[in-house]
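To start, the structure under review is shown below, and the notes come after it.
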Amino acid sequence: MPTAKVQPDGVQDDVGDTNRKNSQSRFSRAVASNAQLLAKAELYFTAFISMSDMVSDIVMVARYYSNNQMSYALATVICIGLNLVIQAIMVFSNHPLDRQVKEQAIVWTLIKPGVDAHRVATKAKVQEGDAIDARAEMTGIRVVEMVTESIPGTIIQAMAIVSTGDLSATPVVSLTSSILTSAFISAQLSHEWDASQENQQLEPAFYGYLPSSLKWRGFTLLQLFLI
């Protein structure tokens with residue numbers, strides 16, 4: 001009659017340790033994969049919000065002009081123009097001359113937020129002649145957008161609504177878009193830089209406050225957004 005083969009205690013402990021390590025490794029990879037998916041979703045959603053805000057501001061310029069609200073139209077045009085000019089200067093200083101036509105076209109066709117999000121999401125390598133990487137450029141561009149267009153645009157549109165009492169859909173949606181853009185850009189940048197493994201390795205005392213759980217990462221992003 002066959003008998004069960006009994007392994008020594010030491011061998012059983014080694015097998016148990018190996019199984020636990022493999023399970024922990026699979027869990028860690030799953031957490032990292034979910035975190036990357038969340039980070040990519042944030043990048044693309046923020047880019048969508050950003051480009052939508054630009055379009056809504058242009059629509060409001062046309063609306064102000066048609067309603068003879070020239071001061072609001074001019075103020076909004078100045079904000080949009082200042083945003084684009086500073087972006088163009090940043091792009092000029094970051095990329096070599098042989099890529100300026102392409103990079104400037106990306107800025108002036110208003111698709112820069114989407115292109116930057118894709119480059120960061122796909123971990124595009126720094127090309128020869130570039131001064132900074134894609135993440136640093138995206139951060140600078142978004143800060144410029146927030147300071148020169150989203151926040152001033154929010155103030156301009158709020159003043160226009162208060163002065164005219166116009167609560168129709170177009171100005172309210174545009175104002176909401178500007179507010180969401182400012183809030184989400186600041187939240188996403190904080191989230192993006194903290195989740196970066198490179199940043200956590202370079203400055204472990206400053207970066208790494210995000211929890212490992214995907215649910216709590218999302219909750220932290222929501223808190224940053226509301227703040």
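Labeling convention for the structure tokens: chains A, B, ... as they appear, residues from 1 per chain, ligands from 1 in order of appearance.
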Which residues of stretch 31-139 of chain A sit at most 12 Å from stretch 173-183 of chain A, using only C-alpha atoms? Give each one's shortest atom pair and distance in Å (one decimal place), in chain and ascending residue order, as a Markdown table.
| residue | atom | partner | partner_atom | distance |
| --- | --- | --- | --- | --- |
| A:Phe45 | CA | A:Thr181 | CA | 10.3 |
| A:Thr46 | CA | A:Thr181 | CA | 7.4 |
| A:Ala47 | CA | A:Thr181 | CA | 9.2 |
| A:Phe48 | CA | A:Thr181 | CA | 9.5 |
| A:Ile49 | CA | A:Thr181 | CA | 5.9 |
| A:Ser50 | CA | A:Thr181 | CA | 5.8 |
| A:Met51 | CA | A:Thr181 | CA | 9.3 |
| A:Ser52 | CA | A:Ser177 | CA | 7.4 |
| A:Asp53 | CA | A:Ser177 | CA | 5.5 |
| A:Met54 | CA | A:Ser178 | CA | 8.7 |
| A:Val55 | CA | A:Ser174 | CA | 9.0 |
| A:Ser56 | CA | A:Ser174 | CA | 5.3 |
| A:Asp57 | CA | A:Ser174 | CA | 6.8 |
| A:Ile58 | CA | A:Ser174 | CA | 9.8 |
| A:Val59 | CA | A:Ser174 | CA | 8.5 |
| A:Met60 | CA | A:Ser174 | CA | 7.4 |
| A:Val61 | CA | A:Ser174 | CA | 10.9 |
| A:Arg63 | CA | A:Ser174 | CA | 11.3 |
| A:Thr76 | CA | A:Ser178 | CA | 11.9 |
| A:Pro113 | CA | A:Thr181 | CA | 11.8 |
How about saving the chosen residues, N, CA, C and O atoms kept, as a PDB file, in the first residue's frame?
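What follows is the written file part-v9.pdb:
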ATOM      1  N   PHE A  45      -7.572  62.487 -18.910  1.00  0.00           N
ATOM      2  CA  PHE A  45      -8.763  63.238 -18.513  1.00  0.00           C
ATOM      3  C   PHE A  45      -8.411  64.702 -18.276  1.00  0.00           C
ATOM      4  O   PHE A  45      -9.173  65.601 -18.669  1.00  0.00           O
ATOM      5  N   THR A  46      -7.262  64.949 -17.633  1.00  0.00           N
ATOM      6  CA  THR A  46      -6.834  66.331 -17.409  1.00  0.00           C
ATOM      7  C   THR A  46      -6.590  67.039 -18.735  1.00  0.00           C
ATOM      8  O   THR A  46      -6.933  68.218 -18.892  1.00  0.00           O
ATOM      9  N   ALA A  47      -5.990  66.329 -19.695  1.00  0.00           N
ATOM     10  CA  ALA A  47      -5.764  66.911 -21.022  1.00  0.00           C
ATOM     11  C   ALA A  47      -7.091  67.256 -21.694  1.00  0.00           C
ATOM     12  O   ALA A  47      -7.241  68.326 -22.308  1.00  0.00           O
ATOM     13  N   PHE A  48      -8.069  66.363 -21.559  1.00  0.00           N
ATOM     14  CA  PHE A  48      -9.393  66.613 -22.148  1.00  0.00           C
ATOM     15  C   PHE A  48     -10.043  67.836 -21.524  1.00  0.00           C
ATOM     16  O   PHE A  48     -10.587  68.705 -22.229  1.00  0.00           O
ATOM     17  N   ILE A  49      -9.987  67.927 -20.178  1.00  0.00           N
ATOM     18  CA  ILE A  49     -10.550  69.080 -19.477  1.00  0.00           C
ATOM     19  C   ILE A  49      -9.854  70.371 -19.915  1.00  0.00           C
ATOM     20  O   ILE A  49     -10.483  71.403 -20.142  1.00  0.00           O
ATOM     21  N   SER A  50      -8.528  70.300 -20.048  1.00  0.00           N
ATOM     22  CA  SER A  50      -7.743  71.471 -20.423  1.00  0.00           C
ATOM     23  C   SER A  50      -8.121  71.981 -21.811  1.00  0.00           C
ATOM     24  O   SER A  50      -8.340  73.184 -22.013  1.00  0.00           O
ATOM     25  N   MET A  51      -8.185  71.071 -22.780  1.00  0.00           N
ATOM     26  CA  MET A  51      -8.526  71.478 -24.143  1.00  0.00           C
ATOM     27  C   MET A  51      -9.971  71.952 -24.228  1.00  0.00           C
ATOM     28  O   MET A  51     -10.291  72.891 -24.977  1.00  0.00           O
ATOM     29  N   SER A  52     -10.861  71.341 -23.446  1.00  0.00           N
ATOM     30  CA  SER A  52     -12.263  71.778 -23.419  1.00  0.00           C
ATOM     31  C   SER A  52     -12.366  73.191 -22.868  1.00  0.00           C
ATOM     32  O   SER A  52     -13.179  74.002 -23.347  1.00  0.00           O
ATOM     33  N   ASP A  53     -11.550  73.509 -21.863  1.00  0.00           N
ATOM     34  CA  ASP A  53     -11.567  74.843 -21.281  1.00  0.00           C
ATOM     35  C   ASP A  53     -11.116  75.890 -22.295  1.00  0.00           C
ATOM     36  O   ASP A  53     -11.681  76.981 -22.374  1.00  0.00           O
ATOM     37  N   MET A  54     -10.094  75.556 -23.082  1.00  0.00           N
ATOM     38  CA  MET A  54      -9.630  76.474 -24.114  1.00  0.00           C
ATOM     39  C   MET A  54     -10.738  76.746 -25.132  1.00  0.00           C
ATOM     40  O   MET A  54     -10.994  77.905 -25.519  1.00  0.00           O
ATOM     41  N   VAL A  55     -11.424  75.692 -25.562  1.00  0.00           N
ATOM     42  CA  VAL A  55     -12.513  75.851 -26.528  1.00  0.00           C
ATOM     43  C   VAL A  55     -13.635  76.696 -25.929  1.00  0.00           C
ATOM     44  O   VAL A  55     -14.183  77.590 -26.590  1.00  0.00           O
ATOM     45  N   SER A  56     -13.972  76.446 -24.661  1.00  0.00           N
ATOM     46  CA  SER A  56     -15.052  77.210 -24.021  1.00  0.00           C
ATOM     47  C   SER A  56     -14.679  78.686 -23.886  1.00  0.00           C
ATOM     48  O   SER A  56     -15.542  79.573 -24.016  1.00  0.00           O
ATOM     49  N   ASP A  57     -13.397  78.967 -23.638  1.00  0.00           N
ATOM     50  CA  ASP A  57     -12.962  80.370 -23.556  1.00  0.00           C
ATOM     51  C   ASP A  57     -13.102  81.072 -24.907  1.00  0.00           C
ATOM     52  O   ASP A  57     -13.504  82.239 -24.969  1.00  0.00           O
ATOM     53  N   ILE A  58     -12.761  80.368 -25.976  1.00  0.00           N
ATOM     54  CA  ILE A  58     -12.905  80.946 -27.316  1.00  0.00           C
ATOM     55  C   ILE A  58     -14.383  81.215 -27.633  1.00  0.00           C
ATOM     56  O   ILE A  58     -14.737  82.253 -28.213  1.00  0.00           O
ATOM     57  N   VAL A  59     -15.233  80.278 -27.227  1.00  0.00           N
ATOM     58  CA  VAL A  59     -16.680  80.473 -27.418  1.00  0.00           C
ATOM     59  C   VAL A  59     -17.153  81.703 -26.655  1.00  0.00           C
ATOM     60  O   VAL A  59     -17.965  82.501 -27.162  1.00  0.00           O
ATOM     61  N   MET A  60     -16.635  81.893 -25.438  1.00  0.00           N
ATOM     62  CA  MET A  60     -17.037  83.043 -24.634  1.00  0.00           C
ATOM     63  C   MET A  60     -16.538  84.361 -25.247  1.00  0.00           C
ATOM     64  O   MET A  60     -17.224  85.384 -25.139  1.00  0.00           O
ATOM     65  N   VAL A  61     -15.373  84.345 -25.871  1.00  0.00           N
ATOM     66  CA  VAL A  61     -14.892  85.554 -26.553  1.00  0.00           C
ATOM     67  C   VAL A  61     -15.894  85.966 -27.629  1.00  0.00           C
ATOM     68  O   VAL A  61     -16.264  87.153 -27.741  1.00  0.00           O
ATOM     69  N   ARG A  63     -19.010  85.211 -27.747  1.00  0.00           N
ATOM     70  CA  ARG A  63     -20.263  85.620 -27.105  1.00  0.00           C
ATOM     71  C   ARG A  63     -20.144  87.038 -26.555  1.00  0.00           C
ATOM     72  O   ARG A  63     -21.067  87.853 -26.727  1.00  0.00           O
ATOM     73  N   THR A  76     -10.243  88.203 -22.032  1.00  0.00           N
ATOM     74  CA  THR A  76     -10.136  86.761 -22.290  1.00  0.00           C
ATOM     75  C   THR A  76      -9.142  86.473 -23.402  1.00  0.00           C
ATOM     76  O   THR A  76      -8.348  85.531 -23.310  1.00  0.00           O
ATOM     77  N   PRO A 113      -1.848  70.031 -24.613  1.00  0.00           N
ATOM     78  CA  PRO A 113      -2.137  69.212 -23.432  1.00  0.00           C
ATOM     79  C   PRO A 113      -2.288  67.729 -23.747  1.00  0.00           C
ATOM     80  O   PRO A 113      -1.796  66.872 -23.000  1.00  0.00           O
TER      81      PRO A 113
END
Given the choices A:Cys79, A:Ala169, A:Ala131, A:Val101, which gets closest to A:Ile156 if the distance is worked out from only C-alpha atoms? A:Cys79
For A:His118, the nearest of the candidates A:Gly140, A:Leu37, A:Ala134, A:Val172, counting only C-alpha atoms: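 Residue with the minimum atom-to-atom distance to A:His118: A:Ala134.
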Select, from A:Asn83, A:Asn94, A:Met146, A:Gln157, the residue with the minimum atom-to-atom distance to A:Gln127, counting only C-alpha atoms. A:Asn94
Alpha helix (DSSP H) positions in stretch 51-202 of chain A, given as a VMD selection string: chain A and resid 51 to 66 70 to 94 100 to 108 112 to 121 134 to 145 151 to 164 169 to 195 197 to 202
Hey, what's within 12 Å of A:Tyr44 if we count only C-alpha atoms and toss same-chain stuff fewer than 5 positions away? As a VMD selection string, please? chain A and resid 37 to 39 49 to 51 111 to 122 184 to 185 188
Quick one: of A:Ile155, A:Leu97, A:Ile161, A:Leu110, who's nearest to A:Ala75, counting only C-alpha atoms? A:Ile155
Which residue, A:Ile89, A:Glu103, A:Gln69, A:Val77, has the smallest gap to A:Thr148 when you use only C-alpha atoms?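 Going through A:Ile89, A:Glu103, A:Gln69, A:Val77 one by one, the smallest distance to A:Thr148 is for A:Val77.
In this structure, atom CA of A:Ala105 sits 13.4 Å away from atom CA of A:Met90.
Closest approach to A:Ala160 among A:Ile80, A:Val91, A:Met70, A:Leu189: A:Met70, based on only C-alpha atoms.
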Just to confirm, what's the straight-line distance from atom CA of A:Phe92 to atom CA of A:Glu149 in Å (one decimal)?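 Straight-line distance from atom CA of A:Phe92 to atom CA of A:Glu149 works out to 20.2 Å.
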